[in-house]
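Peer 1: I have a structure here, written as structure tokens, and I will follow up with some questions on it.
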Amino acid sequence: MASSGSGYDYSSSTFSPDGRIFQVEYAGKAVENAGTAIGLKCRDGVVLCVEKPLLNKMLLPNSSRRIHTVDTNSGMAVTGFISDGRQIINRTRDEAANYFDTYGSRAPSGVLADRVAGYVHYFTLHGALRPFGVAALLASYDPEIKEHSLHMIEPSGVSYQYFGCAAGKGRQPAKTEMEKLNLNKPETGEIISVRDGVKKLARIIHAL
């Protein structure tokens with residue numbers, strides 16, 4: 001009974017006997033079945049790339065955007081339910097503006113990612129709410145330490161920092177290709193530039 005979710009998937013506040021929250025898992029499935037989003041931390045910046053399926057031949061190419069600016073030093077890419085992603089983007093903008101109004105400086109990437117992750121996690125705690133069916137990739141630059149960073153916020157409300165990450169139906173082949181770039185070995189001096197990163201991600205997303 002627990003393995004199928006029957007009786008334990010009506011609410012995101014209900015655990016199954018084996019410790020699973022099926023509503024959160026279903027939200028993750030919505031992301032896995034959506035277009036691919038890829039983030040790549042480079043030597044001089046962060047590159048975000050998304051796969052935007054053309055659902056209708058009459059659709060304008062610049063509609064239904066999936067990469068947005070959230071602050072002067074931050075951007076976000078989303079995949080999954082794009083309407084859910086819009087709420088997360090607006091919340092991220094509010095958090096960034098609130099931090100600037102309170103402290104007079106731009107929000108550090110880790111602080112901004114944690115605040116948004118906390119907001120996403122809140123929607124997994126109450127039976128009257130449902131989890132967001134979206135994964136968000138947050139690219140940011142911290143002017144205080146002069147460093148770029150890349151975070152991914154998952155539907156469960158978990159946030160991790162990455163050298164390179166991917167979400168969506170093509171995440172596994174995209175991760176395999178990014179692992180070949182030695183992104184996690186900055187001491188080798190082989191970290192690619194943003195210009196090269198754009199070309200790499202374009203090839204990866206085109207091959208999916």
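A note on labels: chains of the structure tokens are A, B, ... as shown, every chain counts residues from 1, and ligands are counted from 1 in their shown order.
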Within 12 Å of Arg195 in chain A, counting only C-alpha atoms, which residues show up once you throw out same-chain ones fewer than 6 positions away? Write them as a list in words, please.

Peer 2: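 Surrounding residues, per the criterion: Leu40, Lys41, Cys42, Arg43, Asp44, Gly45, Val46, Val47, Leu201 and Ala202 of chain A.
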
Peer 1: With a distance cut-off of 8 Å and only C-alpha atoms, select the neighbouring residues of range 104-117 of chain A, excluding the residue or stretch itself and same-chain residues fewer than 5 positions from it, and output the selection as number ranges by chain.

Peer 2: A: 73-74, 88, 91-92, 95-96, 99, 138-143, 149, 151, 153-154, 157-159

Peer 1: Keeping only N, CA and C atoms, write those residues as a PDB file, in the first residue's frame.

Peer 2:
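Okay, again_38.pdb is ready:
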```pdb
ATOM      1  N   ASN A  73      22.456  41.441  -9.795  1.00  0.00           N
ATOM      2  CA  ASN A  73      23.566  40.482  -9.766  1.00  0.00           C
ATOM      3  C   ASN A  73      23.088  39.032  -9.772  1.00  0.00           C
ATOM      4  N   SER A  74      21.799  38.788 -10.062  1.00  0.00           N
ATOM      5  CA  SER A  74      21.272  37.432  -9.968  1.00  0.00           C
ATOM      6  C   SER A  74      20.281  37.151 -11.090  1.00  0.00           C
ATOM      7  N   ILE A  88       7.885  31.502  -7.812  1.00  0.00           N
ATOM      8  CA  ILE A  88       9.194  31.429  -7.166  1.00  0.00           C
ATOM      9  C   ILE A  88      10.077  32.590  -7.608  1.00  0.00           C
ATOM     10  N   ARG A  91       8.945  35.651  -5.785  1.00  0.00           N
ATOM     11  CA  ARG A  91       9.372  35.580  -4.392  1.00  0.00           C
ATOM     12  C   ARG A  91      10.863  35.885  -4.264  1.00  0.00           C
ATOM     13  N   THR A  92      11.658  35.381  -5.207  1.00  0.00           N
ATOM     14  CA  THR A  92      13.099  35.651  -5.181  1.00  0.00           C
ATOM     15  C   THR A  92      13.370  37.138  -5.348  1.00  0.00           C
ATOM     16  N   GLU A  95      12.575  38.819  -2.066  1.00  0.00           N
ATOM     17  CA  GLU A  95      13.606  38.561  -1.057  1.00  0.00           C
ATOM     18  C   GLU A  95      14.853  39.408  -1.329  1.00  0.00           C
ATOM     19  N   ALA A  96      15.228  39.519  -2.602  1.00  0.00           N
ATOM     20  CA  ALA A  96      16.404  40.320  -2.954  1.00  0.00           C
ATOM     21  C   ALA A  96      16.170  41.795  -2.639  1.00  0.00           C
ATOM     22  N   TYR A  99      16.203  42.340   1.191  1.00  0.00           N
ATOM     23  CA  TYR A  99      17.567  42.327   1.746  1.00  0.00           C
ATOM     24  C   TYR A  99      18.261  43.658   1.471  1.00  0.00           C
ATOM     25  N   LEU A 138      19.580  29.098  -9.607  1.00  0.00           N
ATOM     26  CA  LEU A 138      19.886  30.483  -9.255  1.00  0.00           C
ATOM     27  C   LEU A 138      21.362  30.765  -9.503  1.00  0.00           C
ATOM     28  N   ALA A 139      21.628  31.682 -10.410  1.00  0.00           N
ATOM     29  CA  ALA A 139      22.990  32.123 -10.699  1.00  0.00           C
ATOM     30  C   ALA A 139      23.180  33.514 -10.122  1.00  0.00           C
ATOM     31  N   SER A 140      24.286  33.714  -9.417  1.00  0.00           N
ATOM     32  CA  SER A 140      24.456  34.989  -8.733  1.00  0.00           C
ATOM     33  C   SER A 140      25.930  35.367  -8.626  1.00  0.00           C
ATOM     34  N   TYR A 141      26.157  36.670  -8.429  1.00  0.00           N
ATOM     35  CA  TYR A 141      27.508  37.190  -8.200  1.00  0.00           C
ATOM     36  C   TYR A 141      27.517  37.957  -6.895  1.00  0.00           C
ATOM     37  N   ASP A 142      28.457  37.604  -6.022  1.00  0.00           N
ATOM     38  CA  ASP A 142      28.577  38.271  -4.730  1.00  0.00           C
ATOM     39  C   ASP A 142      29.664  39.338  -4.826  1.00  0.00           C
ATOM     40  N   PRO A 143      29.309  40.628  -4.835  1.00  0.00           N
ATOM     41  CA  PRO A 143      30.320  41.687  -4.986  1.00  0.00           C
ATOM     42  C   PRO A 143      31.252  41.813  -3.787  1.00  0.00           C
ATOM     43  N   SER A 149      28.378  32.118  -8.192  1.00  0.00           N
ATOM     44  CA  SER A 149      27.906  30.862  -7.607  1.00  0.00           C
ATOM     45  C   SER A 149      26.655  30.385  -8.336  1.00  0.00           C
ATOM     46  N   HIS A 151      23.281  27.796  -7.578  1.00  0.00           N
ATOM     47  CA  HIS A 151      22.482  26.975  -6.665  1.00  0.00           C
ATOM     48  C   HIS A 151      21.289  26.394  -7.408  1.00  0.00           C
ATOM     49  N   ILE A 153      17.424  24.860  -6.459  1.00  0.00           N
ATOM     50  CA  ILE A 153      16.397  24.691  -5.438  1.00  0.00           C
ATOM     51  C   ILE A 153      15.400  23.662  -5.955  1.00  0.00           C
ATOM     52  N   GLU A 154      15.227  22.585  -5.220  1.00  0.00           N
ATOM     53  CA  GLU A 154      14.382  21.479  -5.647  1.00  0.00           C
ATOM     54  C   GLU A 154      12.977  21.607  -5.057  1.00  0.00           C
ATOM     55  N   GLY A 157      12.341  21.749  -1.317  1.00  0.00           N
ATOM     56  CA  GLY A 157      12.838  22.866  -0.525  1.00  0.00           C
ATOM     57  C   GLY A 157      14.305  22.752  -0.189  1.00  0.00           C
ATOM     58  N   VAL A 158      14.984  21.780  -0.779  1.00  0.00           N
ATOM     59  CA  VAL A 158      16.419  21.590  -0.572  1.00  0.00           C
ATOM     60  C   VAL A 158      17.186  22.458  -1.566  1.00  0.00           C
ATOM     61  N   SER A 159      18.258  23.076  -1.102  1.00  0.00           N
ATOM     62  CA  SER A 159      19.094  23.906  -1.971  1.00  0.00           C
ATOM     63  C   SER A 159      20.551  23.469  -1.839  1.00  0.00           C
TER      64      SER A 159
END
```

Peer 1: Can you work out which one of A:Thr36, A:Thr102, A:Ser64, A:Thr124 has the shortest atom-to-atom distance to Lys175 in chain A, counting only C-alpha atoms?

Peer 2: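 Among the listed residues, A:Thr36 lies closest to Lys175 in chain A.
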
Peer 1: Within 7 Å of Ala167 in chain A, counting only C-alpha atoms, which residues qualify if same-chain residues fewer than 4 places away don't, as a list of chain:residue names?

Peer 2: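 Near Ala167 in chain A, the qualifying residues are A:Glu32, A:Thr36, A:Ala37, A:Ile38, A:Ala135, A:Arg171.
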
Peer 1: Kindly export the residues of the current selection with all heavy atoms, as a PDB file, in the first residue's frame.

Peer 2:
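Writing done, so here's result03.pdb:
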```pdb
ATOM      1  N   GLU A  32      10.926  16.176 -13.617  1.00  0.00           N
ATOM      2  CA  GLU A  32      11.631  15.192 -14.436  1.00  0.00           C
ATOM      3  C   GLU A  32      11.028  15.056 -15.827  1.00  0.00           C
ATOM      4  O   GLU A  32      11.732  14.694 -16.781  1.00  0.00           O
ATOM      5  CB  GLU A  32      11.611  13.827 -13.738  1.00  0.00           C
ATOM      6  CG  GLU A  32      12.452  13.767 -12.478  1.00  0.00           C
ATOM      7  CD  GLU A  32      12.325  12.431 -11.764  1.00  0.00           C
ATOM      8  OE1 GLU A  32      11.711  11.509 -12.345  1.00  0.00           O
ATOM      9  OE2 GLU A  32      12.829  12.316 -10.638  1.00  0.00           O
ATOM     10  N   THR A  36      14.569  20.452 -20.205  1.00  0.00           N
ATOM     11  CA  THR A  36      15.831  20.457 -19.459  1.00  0.00           C
ATOM     12  C   THR A  36      16.308  21.883 -19.175  1.00  0.00           C
ATOM     13  O   THR A  36      16.211  22.755 -20.033  1.00  0.00           O
ATOM     14  CB  THR A  36      16.914  19.711 -20.249  1.00  0.00           C
ATOM     15  OG1 THR A  36      16.421  18.420 -20.607  1.00  0.00           O
ATOM     16  CG2 THR A  36      18.181  19.552 -19.428  1.00  0.00           C
ATOM     17  N   ALA A  37      16.822  22.100 -17.979  1.00  0.00           N
ATOM     18  CA  ALA A  37      17.477  23.355 -17.599  1.00  0.00           C
ATOM     19  C   ALA A  37      18.870  23.018 -17.086  1.00  0.00           C
ATOM     20  O   ALA A  37      19.035  22.082 -16.306  1.00  0.00           O
ATOM     21  CB  ALA A  37      16.679  24.091 -16.527  1.00  0.00           C
ATOM     22  N   ILE A  38      19.872  23.759 -17.545  1.00  0.00           N
ATOM     23  CA  ILE A  38      21.264  23.473 -17.201  1.00  0.00           C
ATOM     24  C   ILE A  38      21.932  24.739 -16.690  1.00  0.00           C
ATOM     25  O   ILE A  38      21.704  25.831 -17.221  1.00  0.00           O
ATOM     26  CB  ILE A  38      22.049  22.933 -18.417  1.00  0.00           C
ATOM     27  CG1 ILE A  38      21.302  21.802 -19.105  1.00  0.00           C
ATOM     28  CG2 ILE A  38      23.431  22.462 -18.004  1.00  0.00           C
ATOM     29  CD1 ILE A  38      21.946  21.329 -20.392  1.00  0.00           C
ATOM     30  N   ALA A 135      11.757  23.160 -10.503  1.00  0.00           N
ATOM     31  CA  ALA A 135      13.123  23.280  -9.990  1.00  0.00           C
ATOM     32  C   ALA A 135      13.691  24.601 -10.494  1.00  0.00           C
ATOM     33  O   ALA A 135      13.447  24.984 -11.652  1.00  0.00           O
ATOM     34  CB  ALA A 135      13.995  22.120 -10.461  1.00  0.00           C
ATOM     35  N   ARG A 171      18.320  15.561 -17.717  1.00  0.00           N
ATOM     36  CA  ARG A 171      19.313  15.912 -16.696  1.00  0.00           C
ATOM     37  C   ARG A 171      20.489  14.929 -16.666  1.00  0.00           C
ATOM     38  O   ARG A 171      21.636  15.346 -16.465  1.00  0.00           O
ATOM     39  CB  ARG A 171      18.652  15.998 -15.326  1.00  0.00           C
ATOM     40  CG  ARG A 171      18.195  14.676 -14.768  1.00  0.00           C
ATOM     41  CD  ARG A 171      17.270  14.814 -13.573  1.00  0.00           C
ATOM     42  NE  ARG A 171      16.890  13.511 -13.041  1.00  0.00           N
ATOM     43  CZ  ARG A 171      16.021  12.701 -13.618  1.00  0.00           C
ATOM     44  NH1 ARG A 171      15.457  13.057 -14.755  1.00  0.00           N
ATOM     45  NH2 ARG A 171      15.725  11.539 -13.075  1.00  0.00           N
TER      46      ARG A 171
END
```

Peer 1: Please measure the separation of CA of Asp94 in chain A and CA of Ala136 in chain A, giving the value in Å to one decimal.

Peer 2: 15.7 Å

Peer 1: DSSP on the backbone: which residues in range 2-129 of chain A end up as helix (DSSP H, G or I)? Give the answer as an MDAnalysis selection string.

Peer 2: chainID A and resid 22:32 82:103 109:122

Peer 1: Could you write out that same residue set with N, CA and C atoms as a compact mmCIF listing (two decimals), in the first residue's frame?

Peer 2:
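Final output, part-v2.txt:
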```txt
# COMPACT_ATOMS: atom_id res chain seq x y z
N PHE A 22 4.65 11.49 -0.59
CA PHE A 22 4.39 11.25 -2.00
C PHE A 22 4.09 12.52 -2.78
N GLN A 23 3.46 13.51 -2.14
CA GLN A 23 3.18 14.75 -2.84
C GLN A 23 4.47 15.43 -3.30
N VAL A 24 5.51 15.37 -2.48
CA VAL A 24 6.80 15.95 -2.86
C VAL A 24 7.44 15.14 -3.99
N GLU A 25 7.30 13.82 -3.92
CA GLU A 25 7.83 12.98 -4.99
C GLU A 25 7.11 13.23 -6.31
N TYR A 26 5.81 13.46 -6.26
CA TYR A 26 5.05 13.75 -7.47
C TYR A 26 5.49 15.09 -8.07
N ALA A 27 5.79 16.05 -7.21
CA ALA A 27 6.29 17.34 -7.70
C ALA A 27 7.63 17.15 -8.41
N GLY A 28 8.47 16.27 -7.84
CA GLY A 28 9.74 15.95 -8.49
C GLY A 28 9.54 15.29 -9.85
N LYS A 29 8.50 14.45 -9.96
CA LYS A 29 8.20 13.81 -11.24
C LYS A 29 7.78 14.85 -12.29
N ALA A 30 7.05 15.88 -11.86
CA ALA A 30 6.66 16.94 -12.78
C ALA A 30 7.88 17.64 -13.37
N VAL A 31 8.92 17.81 -12.54
CA VAL A 31 10.17 18.41 -13.02
C VAL A 31 10.89 17.46 -13.96
N GLU A 32 10.93 16.18 -13.62
CA GLU A 32 11.63 15.19 -14.44
C GLU A 32 11.03 15.06 -15.83
N ILE A 82 5.70 26.00 -15.39
CA ILE A 82 6.22 27.36 -15.53
C ILE A 82 5.40 28.36 -14.71
N SER A 83 4.09 28.10 -14.56
CA SER A 83 3.27 29.00 -13.73
C SER A 83 3.73 28.95 -12.27
N ASP A 84 4.13 27.77 -11.79
CA ASP A 84 4.70 27.66 -10.45
C ASP A 84 6.02 28.41 -10.38
N GLY A 85 6.80 28.28 -11.44
CA GLY A 85 8.10 28.96 -11.48
C GLY A 85 7.97 30.46 -11.39
N ARG A 86 6.91 31.00 -11.96
CA ARG A 86 6.69 32.45 -11.90
C ARG A 86 6.54 32.92 -10.47
N GLN A 87 5.87 32.13 -9.64
CA GLN A 87 5.71 32.49 -8.23
C GLN A 87 7.05 32.48 -7.50
N ILE A 88 7.88 31.50 -7.81
CA ILE A 88 9.19 31.43 -7.17
C ILE A 88 10.08 32.59 -7.61
N ILE A 89 10.01 32.94 -8.88
CA ILE A 89 10.79 34.07 -9.38
C ILE A 89 10.36 35.36 -8.69
N ASN A 90 9.05 35.57 -8.58
CA ASN A 90 8.56 36.79 -7.91
C ASN A 90 8.98 36.81 -6.44
N ARG A 91 8.95 35.65 -5.79
CA ARG A 91 9.37 35.58 -4.39
C ARG A 91 10.86 35.89 -4.26
N THR A 92 11.66 35.38 -5.21
CA THR A 92 13.10 35.65 -5.18
C THR A 92 13.37 37.14 -5.35
N ARG A 93 12.64 37.77 -6.24
CA ARG A 93 12.79 39.22 -6.42
C ARG A 93 12.42 39.98 -5.14
N ASP A 94 11.35 39.54 -4.49
CA ASP A 94 10.95 40.19 -3.24
C ASP A 94 12.00 40.02 -2.16
N GLU A 95 12.58 38.82 -2.07
CA GLU A 95 13.61 38.56 -1.06
C GLU A 95 14.85 39.41 -1.33
N ALA A 96 15.23 39.52 -2.60
CA ALA A 96 16.40 40.32 -2.95
C ALA A 96 16.17 41.80 -2.64
N ALA A 97 14.98 42.30 -2.96
CA ALA A 97 14.65 43.70 -2.68
C ALA A 97 14.59 43.95 -1.18
N ASN A 98 14.02 43.00 -0.43
CA ASN A 98 13.91 43.14 1.02
C ASN A 98 15.29 43.19 1.66
N TYR A 99 16.20 42.34 1.19
CA TYR A 99 17.57 42.33 1.75
C TYR A 99 18.26 43.66 1.47
N PHE A 100 18.10 44.17 0.26
CA PHE A 100 18.74 45.44 -0.09
C PHE A 100 18.18 46.59 0.73
N ASP A 101 16.86 46.61 0.93
CA ASP A 101 16.24 47.67 1.73
C ASP A 101 16.68 47.61 3.19
N THR A 102 16.92 46.40 3.69
CA THR A 102 17.27 46.23 5.10
C THR A 102 18.76 46.49 5.35
N TYR A 103 19.62 45.98 4.49
CA TYR A 103 21.06 46.02 4.75
C TYR A 103 21.84 46.94 3.82
N SER A 109 24.60 35.19 -2.55
CA SER A 109 23.90 34.12 -3.26
C SER A 109 23.41 33.02 -2.32
N GLY A 110 24.22 32.67 -1.32
CA GLY A 110 23.82 31.62 -0.39
C GLY A 110 22.62 32.03 0.44
N VAL A 111 22.59 33.28 0.87
CA VAL A 111 21.46 33.78 1.66
C VAL A 111 20.19 33.80 0.83
N LEU A 112 20.31 34.27 -0.41
CA LEU A 112 19.14 34.35 -1.28
C LEU A 112 18.60 32.95 -1.59
N ALA A 113 19.50 32.01 -1.86
CA ALA A 113 19.07 30.63 -2.15
C ALA A 113 18.40 30.01 -0.94
N ASP A 114 18.94 30.24 0.26
CA ASP A 114 18.35 29.66 1.48
C ASP A 114 16.96 30.25 1.76
N ARG A 115 16.80 31.54 1.52
CA ARG A 115 15.50 32.17 1.76
C ARG A 115 14.44 31.61 0.81
N VAL A 116 14.80 31.46 -0.45
CA VAL A 116 13.85 30.93 -1.43
C VAL A 116 13.57 29.46 -1.14
N ALA A 117 14.60 28.71 -0.76
CA ALA A 117 14.41 27.30 -0.42
C ALA A 117 13.48 27.15 0.78
N GLY A 118 13.59 28.05 1.75
CA GLY A 118 12.70 28.02 2.90
C GLY A 118 11.25 28.28 2.50
N TYR A 119 11.06 29.18 1.55
CA TYR A 119 9.71 29.46 1.04
C TYR A 119 9.13 28.24 0.33
N VAL A 120 9.95 27.59 -0.51
CA VAL A 120 9.50 26.40 -1.22
C VAL A 120 9.18 25.27 -0.24
N HIS A 121 10.03 25.13 0.79
CA HIS A 121 9.82 24.08 1.78
C HIS A 121 8.52 24.29 2.56
N TYR A 122 8.16 25.54 2.79
CA TYR A 122 6.93 25.84 3.54
C TYR A 122 5.72 25.19 2.88
```

Peer 1: What residues in range 125-181 of chain A get the DSSP label strand (DSSP E)? Please answer as a list in words.

Peer 2: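 Everything in range 125-181 of chain A that counts as strand (DSSP E) is Val134, Ala135, Ala136, Leu137, Leu138, Ala139, Ser140, Tyr141, Asp142, Glu147, His148, Ser149, Leu150, His151, Met152, Ile153, Ser159, Tyr160, Gln161, Gly164, Cys165, Ala166 and Ala167 of chain A.
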
Peer 1: Separation of CA of Ala77 in chain A and CA of Leu137 in chain A, in Å?

Peer 2: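 That distance, rounded to one decimal, is 5.1 Å.
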
Peer 1: So what do you get for CA of Ala207 in chain A versus CA of Val50 in chain A, distance-wise?

Peer 2: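 These atoms are spaced 12.8 Å apart.
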
Peer 1: Within 12 Å of Lys199 in chain A, counting only C-alpha atoms, which residues qualify if same-chain residues fewer than 6 places away don't, as a PyMOL selection string?

Peer 2: chain A and resi 40+47-49+192-193+205-206

Peer 1: Could you check the closest approach to Leu183 in chain A for each of A:Pro53, A:Gly7, A:Gly39, A:Gly170 and tell me which residue wins, using only C-alpha atoms?

Peer 2: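 The shortest atom-to-atom distance to Leu183 in chain A comes from A:Gly39.
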